[in-house]
Amino acid sequence: MRRGEAAVAGVILEHSELNRILAHVAGQARLWVATGEGEEAAFLPYRPGIPLRRGPGPTRRTAKEIFFPRTEALFTFHEADGKPRLEPAKVDDGPLVVFGLRPCDARALCLLDPVFEDPLWPDRLYGGRRARAILVGMACSQPSRACFCTSVGGDPAGEEGLDVILVALDDAYLARATTDRGAEWLEGLGFSPAPPEAEAAAARVAETARRALAAVPADGLKERLDGRFEHPVWDRLHERCLGCAACTYLCPTCHCFDIVDEGGPGEGVRLRNWDSCMFALFTLHASGHNPRMTGKERMRQRIMHKFNYYPERQGRPACVGCGRCVEICPVNLDLRQVIAELEGVEA
Amino acid sequence: MNPYLPHLATIDEIIPETASQDVKTFRVVFADAAVRASFSYEPGQFAELSLLGVGEAPISITSSPTQRGYLEFAVKRAGVVTTALHWSRPGDHLGIRGPYGNHFPYREMEGKNIVFIGGGIGLAPLRSLINYVLDPSNRSRYAAVSIIYGARSPGDLVFKWELDAWQRRQDTELHVTVDRGDEGWTGRVGFVPQVLMDVAPSPANTVTVTCGPPIMIKYVLENLEKLGFAPDQIVTTLEMRMKCGIGKCGRCNIGSRYVCQDGPVFTYEQLRQMPAEY
């Protein structure tokens, strides 16, 4: 998605107008909105009167779930006259709008794209949903206590992956298209141009949010981790970890999955379900051999994949600093502290 | 496309390999004539085999691309899918998707001597390349071919029906060994790495291709180094737990590599650059 010519001038959207607009959008596309607060905050299909989320930081559950659901059918099968027949899952590529995701979640989708849409084996189940999706983001005016997006290349008002970005001002939103597709979408809704002071107010909101963010020493982490696979730091980082994998389930960039059959023989479905490298069974061979025997190897895998292996392939870390893993961890194993500890890793 | 949708195939023949029948070779034929014609693969690639309602497992293709019209998979009974597969009969249906992964560097090996070193079911992926190289249309492009193959006992040897054919060839040297013989065994007794030292192939203009249990690989690698082989002259193929086979599900990740796409074939030189997590 590219920034278009039209994507410069902002428009003003009154708070009171929002529900009317969303109802209009829901008539044209499948619309997901950020709703709920605290631990309940998630994306749900729009319905009239659904409370839009206001709280700090990102939703507890990710926008990833819209494109890569926790469980989804790959195909169904049934046997007729002794012969199996396969029915591939329908590619869902209709118009789709996601409203209210934070810039970190939009960036996370950009990090998932090369995994699911690599040229050799494009995954149309994911790609179909992505193809026509319009992502309408809500800039972070107040980060959560666990947020650290600016330390890993993000920004509370970051535009990457978004088609439209909204900034909450006192009594209105400043809406700005960041792609041609977003501009077209926004134009169709018909708003008044924003006065110059709205832009300045939006810039102040972003700056306030930036100042509220903790800095985590993630610069150069990829290089520091090169060749550190056997470093003693791994012996202690995992010690508190229970292996519950909640961090990976809430992570907007984690993409590991399992493939299982349900039903059958005769009739059933092949599903893909989220899985996690933090589980002992994840890499267990049928022979009984397991290359990642203990929590040490599994914690190392999670950290190395995000901060060394993924960057090696894609040029940047697979972490957007959303802080969800920090918030959810039952033993307060804080990724920011892990990163800080890795800063001290000597060559 | 939906990359998870398998092609349907029918089991044509099931060949029991080991005495305990814990390894069987399945010869399968695609149901769709168009798939039969278009499915092409290279030695060393694998496929996801599935039984509908049971699940999928990644299995190396043991037939050679020079064998037309069918695929062969040698499957050891180990987990849920392979156990169910062992219960199937000729005429039963399978799902197959693939081929996946890289392949043995058979073009780069042209003009060279090849030493195959296999242990147990580890012969299965090597066999695809062996029969490719031994095929009359390809044999002249390769120099001397020798095969060192061993198993725990005579009953654990696989492809015995083919070992005899390889043995009879003038252009191939075959050394079969077992860890422990039995009353009927008149062949060689000894571990594969020791037989390798006895055979002592010269590293000059030679590539070795090895696959077998981890303990065998460990000593084979040590002994190849003693014989003067450089790490880039040693090729092996890794086994990892996999689900998708197409670099997405995350399971076979080792360092920045995915065994399903960047492997399963690696040189020892490449393996030494990777974390030893396999």
# chains A, B, ... in the order shown; residues from 1 in each chain; ligands from 1

$ residues_around --residues "stretch 100-106 of chain B" --least-positions-apart "6" --cutoff "8 Å" --atoms "only C-alpha atoms" --output "VMD selection string"
chain B and resid 42 to 47 129 235 245 to 246 259 to 265

$ interface_residues --of "chain B" --to "chain A" --cutoff "10 Å" --atoms "only C-alpha atoms" --output "ChimeraX atom specification"
/B:1-8,50-57,76-82,92-95,239-257,261,273-278

$ select_by_dssp --residues "stretch 111-264 of chain B" --states "alpha helix (DSSP H)" --output "ChimeraX atom specification"
/B:123-134,160-168,192-199,214-226,259-262

$ residues_around --residues "A:Ala41" --least-positions-apart "6" --cutoff "9 Å" --atoms "only C-alpha atoms" --output "ChimeraX atom specification"
/A:34-35,53,55,58-61

$ residues_around --residues "A:Glu341" --least-positions-apart "2" --cutoff "12 Å" --atoms "only C-alpha atoms" --output "list of chain:residue names"
A:Val216, A:Pro217, A:Ala218, A:Leu221, A:Arg224, A:Leu225, A:Pro232, A:Val233, A:Trp234, A:Arg236, A:Leu237, A:Asp334, A:Leu335, A:Arg336, A:Gln337, A:Val338, A:Ile339, A:Glu343, A:Gly344, A:Val345, A:Glu346

$ write_last_selection --atoms "N, CA and C atoms" --output "mmCIF file, in the first residue's frame"
data_model
loop_
_atom_site.group_PDB
_atom_site.id
_atom_site.type_symbol
_atom_site.label_atom_id
_atom_site.label_comp_id
_atom_site.auth_asym_id
_atom_site.auth_seq_id
_atom_site.Cartn_x
_atom_site.Cartn_y
_atom_site.Cartn_z
ATOM 1 N N VAL A 216 13.261 1.145 25.530
ATOM 2 C CA VAL A 216 13.832 -0.176 25.774
ATOM 3 C C VAL A 216 15.029 -0.317 24.832
ATOM 4 N N PRO A 217 16.145 -0.816 25.331
ATOM 5 C CA PRO A 217 17.366 -0.828 24.497
ATOM 6 C C PRO A 217 17.368 -1.936 23.455
ATOM 7 N N ALA A 218 16.504 -1.799 22.448
ATOM 8 C CA ALA A 218 16.407 -2.836 21.414
ATOM 9 C C ALA A 218 17.230 -2.501 20.175
ATOM 10 N N LEU A 221 19.940 -4.985 18.626
ATOM 11 C CA LEU A 221 19.754 -6.278 19.301
ATOM 12 C C LEU A 221 20.020 -7.444 18.353
ATOM 13 N N ARG A 224 23.624 -8.030 18.316
ATOM 14 C CA ARG A 224 24.114 -8.554 19.591
ATOM 15 C C ARG A 224 23.771 -10.037 19.755
ATOM 16 N N LEU A 225 22.670 -10.446 19.128
ATOM 17 C CA LEU A 225 22.252 -11.846 19.275
ATOM 18 C C LEU A 225 22.905 -12.776 18.247
ATOM 19 N N PRO A 232 25.349 -18.008 28.026
ATOM 20 C CA PRO A 232 24.783 -18.403 29.337
ATOM 21 C C PRO A 232 23.535 -17.616 29.738
ATOM 22 N N VAL A 233 23.276 -16.479 29.090
ATOM 23 C CA VAL A 233 22.097 -15.692 29.461
ATOM 24 C C VAL A 233 20.823 -16.534 29.330
ATOM 25 N N TRP A 234 20.812 -17.473 28.396
ATOM 26 C CA TRP A 234 19.604 -18.295 28.189
ATOM 27 C C TRP A 234 19.339 -19.216 29.365
ATOM 28 N N ARG A 236 19.244 -18.471 32.401
ATOM 29 C CA ARG A 236 18.433 -17.905 33.477
ATOM 30 C C ARG A 236 17.177 -17.187 32.988
ATOM 31 N N LEU A 237 17.160 -16.750 31.726
ATOM 32 C CA LEU A 237 16.005 -15.965 31.272
ATOM 33 C C LEU A 237 14.684 -16.721 31.397
ATOM 34 N N ASP A 334 8.893 -9.966 31.987
ATOM 35 C CA ASP A 334 8.697 -8.747 31.203
ATOM 36 C C ASP A 334 9.673 -8.720 30.023
ATOM 37 N N LEU A 335 9.131 -8.726 28.821
ATOM 38 C CA LEU A 335 9.983 -8.733 27.631
ATOM 39 C C LEU A 335 10.940 -7.540 27.616
ATOM 40 N N ARG A 336 10.498 -6.413 28.183
ATOM 41 C CA ARG A 336 11.381 -5.239 28.211
ATOM 42 C C ARG A 336 12.611 -5.502 29.070
ATOM 43 N N GLN A 337 12.408 -6.225 30.180
ATOM 44 C CA GLN A 337 13.556 -6.567 31.024
ATOM 45 C C GLN A 337 14.455 -7.590 30.337
ATOM 46 N N VAL A 338 13.820 -8.507 29.587
ATOM 47 C CA VAL A 338 14.612 -9.487 28.845
ATOM 48 C C VAL A 338 15.507 -8.757 27.841
ATOM 49 N N ILE A 339 14.904 -7.795 27.132
ATOM 50 C CA ILE A 339 15.689 -7.025 26.153
ATOM 51 C C ILE A 339 16.811 -6.268 26.848
ATOM 52 N N GLU A 343 20.900 -6.628 26.460
ATOM 53 C CA GLU A 343 21.771 -5.513 26.108
ATOM 54 C C GLU A 343 23.162 -5.720 26.700
ATOM 55 N N GLY A 344 23.172 -6.344 27.870
ATOM 56 C CA GLY A 344 24.447 -6.554 28.554
ATOM 57 C C GLY A 344 25.220 -7.760 28.046
ATOM 58 N N VAL A 345 24.644 -8.466 27.082
ATOM 59 C CA VAL A 345 25.325 -9.655 26.573
ATOM 60 C C VAL A 345 26.598 -9.245 25.838
ATOM 61 N N GLU A 346 27.704 -9.785 26.313
ATOM 62 C CA GLU A 346 28.991 -9.409 25.723
ATOM 63 C C GLU A 346 29.341 -10.353 24.573
#

$ residues_around --residues "B:Lys112" --least-positions-apart "6" --cutoff "7 Å" --atoms "only C-alpha atoms" --output "NGL selection string"
:B and (142-143 or 205-207)

$ write_last_selection --atoms "C-alpha atoms" --output "PDB file, in the first residue's frame"
ATOM      1  CA  TYR B 142      28.553 -39.341 -12.630  1.00  0.00           C
ATOM      2  CA  ALA B 143      31.858 -41.039 -11.759  1.00  0.00           C
ATOM      3  CA  ASN B 205      36.518 -35.217  -6.511  1.00  0.00           C
ATOM      4  CA  THR B 206      33.997 -36.919  -4.227  1.00  0.00           C
ATOM      5  CA  VAL B 207      30.725 -35.926  -2.584  1.00  0.00           C
TER       6      VAL B 207
END

$ closest_residue --among "A:Gly10, A:Gly100, A:Gly243, A:Pro195" --to "A:Leu52" --atoms "only C-alpha atoms"
A:Gly100

$ residues_around --residues "stretch 179-196 of chain B" --least-positions-apart "6" --cutoff "8 Å" --atoms "only C-alpha atoms" --output "list of chain:residue names"
B:Ile117, B:Gly118, B:Gly119, B:Ile148, B:Tyr149, B:Gly150, B:Ala151, B:Arg152, B:Ser153, B:Pro154, B:Met216, B:Tyr219, B:Val220, B:Asn223

$ residues_around --residues "B:Ile130" --least-positions-apart "5" --cutoff "10 Å" --atoms "only C-alpha atoms" --output "VMD selection string"
chain B and resid 43 62 to 64 114 to 116 123 to 125 135 139 145 to 147 166 209

$ write_last_selection --atoms "C-alpha atoms" --output "short mmCIF file (atom, residue, chain, number, x, y, z; two decimals), in the first residue's frame"
data_model
loop_
_atom_site.label_atom_id
_atom_site.label_comp_id
_atom_site.auth_asym_id
_atom_site.auth_seq_id
_atom_site.Cartn_x
_atom_site.Cartn_y
_atom_site.Cartn_z
CA PRO B 43 15.62 -36.22 -5.50
CA THR B 62 11.87 -42.35 -1.88
CA SER B 63 11.14 -43.03 -5.53
CA SER B 64 13.29 -41.34 -8.16
CA ILE B 114 29.43 -40.20 -4.92
CA VAL B 115 29.53 -42.07 -1.62
CA PHE B 116 26.13 -42.73 -0.10
CA LEU B 123 18.24 -44.93 3.21
CA ALA B 124 14.77 -43.79 2.09
CA PRO B 125 15.65 -40.21 1.05
CA ASP B 135 19.26 -44.56 -14.16
CA ARG B 139 24.64 -42.78 -15.00
CA VAL B 145 29.16 -44.64 -7.06
CA SER B 146 29.45 -46.46 -3.77
CA ILE B 147 26.81 -47.15 -1.18
CA TRP B 166 22.44 -52.61 -6.79
CA VAL B 209 25.46 -38.00 0.94
#

$ atom_distance --atom1 "atom CA of A:Ala133" --atom2 "atom CA of A:Leu174"
21.0 Å

$ atom_distance --atom1 "atom CA of B:Phe159" --atom2 "atom CA of B:Leu227"
28.3 Å

$ atom_distance --atom1 "atom CA of A:Arg316" --atom2 "atom CA of A:Thr248"
18.5 Å
